[in-house]
Amino acid sequence: MNNTESEYRQVIQRCKDLFLKKNQDYGTAWRILRLPSITDQIYIKAQRIRTLQDTGVSRVGEGIEPEFVGIINYCVMALIQLELTNDLRTDIPTDELEKLYDEQVGRVIDLLFAKNHDYGEAWREMRVSSMTDIILMKLLRTKQIEDNQGTTLVSEGVEANYMDMINYAVFCLIKSNAGVNPQ
């Protein structure tokens with residue numbers, strides 16, 4: 001396993017652990033959310049990150065890293081919602097939910113390796129603030145696609161945007177060393 005894969009998996013494990021703990025507390029109440037509502041939740045988190053990056057001041061005592069974790073987990077929720085479009089259950093057993101989480105993350109990791117091959121890990125030279133801006137741009141694209149009832153002429157759909165947002169949020173956590181244990 002190369003360094004990127006190891007770091008990536010450590011971040012994802014941190015996110016998954018929190019996701020499953022919150023599932024114990026709240027269940028899968030988020031299943032009631034429509035995709036635009038999940039997109040808006042992600043937008044709120046990304047906008048807060050940008051505000052904190054710009055001002056350096058947090059009045060609620062939480063930093064940027066938990067917001068990136070939230071972006072990752074909300075994006076996974078969105079991908080699960082896309083997969084379960086015709087499944088109206090609001091209560092998913094934990095073992096099934098964990099499997100769904102792992103399946104979605106597995107697809108995202110496959111995308112990461114394909115893009116990392118082509119781009120040569122260019123993200124390592126990017127600023128976290130630039131990646132935050134890219135996440136915000138992808139959110140605005142996603143909102144536009146949702147407002148167009150999912151119709152695009154030449155662009156990827158919402159699924160690809162959620163996947164890219166996960167990857168950028170993981171990169172931000174890797175670059176900030178949050179969620180990555182030193183080896």
# chains A, B, ... in the order shown; residues from 1 in each chain; ligands from 1
$ residues_around --residues "range 70-86 of chain A" --least-positions-apart "3" --cutoff "8 Å" --atoms "only C-alpha atoms" --output "list in words"
Cys15, Lys16, Phe19, Trp30, Arg31, Leu35, Ile38, Thr39, Gln41, Ile42, Lys45, Ala46, Pro66, Glu67, Leu100, Tyr101, Gln104, Val105, Glu159, Tyr162, Met163, Met165, Ile166, Ala169 and Val170 of chain A
$ residues_around --residues "Gly157 in chain A" --least-positions-apart "2" --cutoff "12 Å" --atoms "only C-alpha atoms" --output "PyMOL selection string"
chain A and resi 79+82+138-139+141-146+148-155+159-164
$ write_last_selection --atoms "C-alpha atoms" --output "PDB file, in the first residue's frame"
ATOM      1  CA  LEU A  79     -24.344   8.377  -2.685  1.00  0.00           C
ATOM      2  CA  LEU A  82     -28.783   7.668  -4.962  1.00  0.00           C
ATOM      3  CA  LYS A 138     -18.769  21.444  -7.173  1.00  0.00           C
ATOM      4  CA  LEU A 139     -21.606  22.164  -4.745  1.00  0.00           C
ATOM      5  CA  ARG A 141     -22.649  22.700  -9.948  1.00  0.00           C
ATOM      6  CA  THR A 142     -24.550  20.015  -8.052  1.00  0.00           C
ATOM      7  CA  LYS A 143     -27.234  22.504  -7.017  1.00  0.00           C
ATOM      8  CA  GLN A 144     -27.615  23.607 -10.647  1.00  0.00           C
ATOM      9  CA  ILE A 145     -27.933  20.005 -11.833  1.00  0.00           C
ATOM     10  CA  GLU A 146     -30.514  19.348  -9.107  1.00  0.00           C
ATOM     11  CA  ASN A 148     -32.390  21.116 -13.694  1.00  0.00           C
ATOM     12  CA  GLN A 149     -33.960  17.855 -12.430  1.00  0.00           C
ATOM     13  CA  GLY A 150     -30.689  16.000 -13.004  1.00  0.00           C
ATOM     14  CA  THR A 151     -30.455  16.853 -16.687  1.00  0.00           C
ATOM     15  CA  THR A 152     -27.048  17.747 -18.113  1.00  0.00           C
ATOM     16  CA  LEU A 153     -25.996  18.299 -21.708  1.00  0.00           C
ATOM     17  CA  VAL A 154     -22.314  17.382 -21.534  1.00  0.00           C
ATOM     18  CA  SER A 155     -21.415  17.320 -17.845  1.00  0.00           C
ATOM     19  CA  GLU A 159     -22.838  11.384  -8.350  1.00  0.00           C
ATOM     20  CA  ALA A 160     -19.468  12.349  -9.847  1.00  0.00           C
ATOM     21  CA  ASN A 161     -19.551  15.667  -7.987  1.00  0.00           C
ATOM     22  CA  TYR A 162     -20.247  13.971  -4.639  1.00  0.00           C
ATOM     23  CA  MET A 163     -17.378  11.575  -5.301  1.00  0.00           C
ATOM     24  CA  ASP A 164     -14.982  14.403  -6.169  1.00  0.00           C
TER      25      ASP A 164
END
$ closest_residue --among "A:Tyr119, A:Val128, A:Ile49, A:Asp17" --to "Leu173 in chain A" --atoms "only C-alpha atoms"
A:Val128
$ closest_residue --among "A:Leu20, A:Leu111, A:Val11, A:Cys172" --to "Asp133 in chain A" --atoms "only C-alpha atoms"
A:Cys172
$ atom_distance --atom1 "CA of Gln13 in chain A" --atom2 "CA of Gly56 in chain A"
27.7 Å
$ closest_residue --among "A:Ser6, A:Thr132, A:Asn116, A:Thr90" --to "Thr51 in chain A" --atoms "only C-alpha atoms"
A:Thr132
$ atom_distance --atom1 "CA of Ile12 in chain A" --atom2 "CA of Asn167 in chain A"
10.0 Å
$ select_by_dssp --residues "range 50-163 of chain A" --states "helix (DSSP H, G or I)" --output "ChimeraX atom specification"
/A:50-55,64-83,94-119,122-125,128-147,158-163
$ closest_residue --among "A:Thr55, A:Tyr43, A:Asp87, A:Asn23" --to "Phe68 in chain A" --atoms "only C-alpha atoms"
A:Tyr43
$ atom_distance --atom1 "CA of Tyr8 in chain A" --atom2 "CA of Glu125 in chain A"
16.3 Å
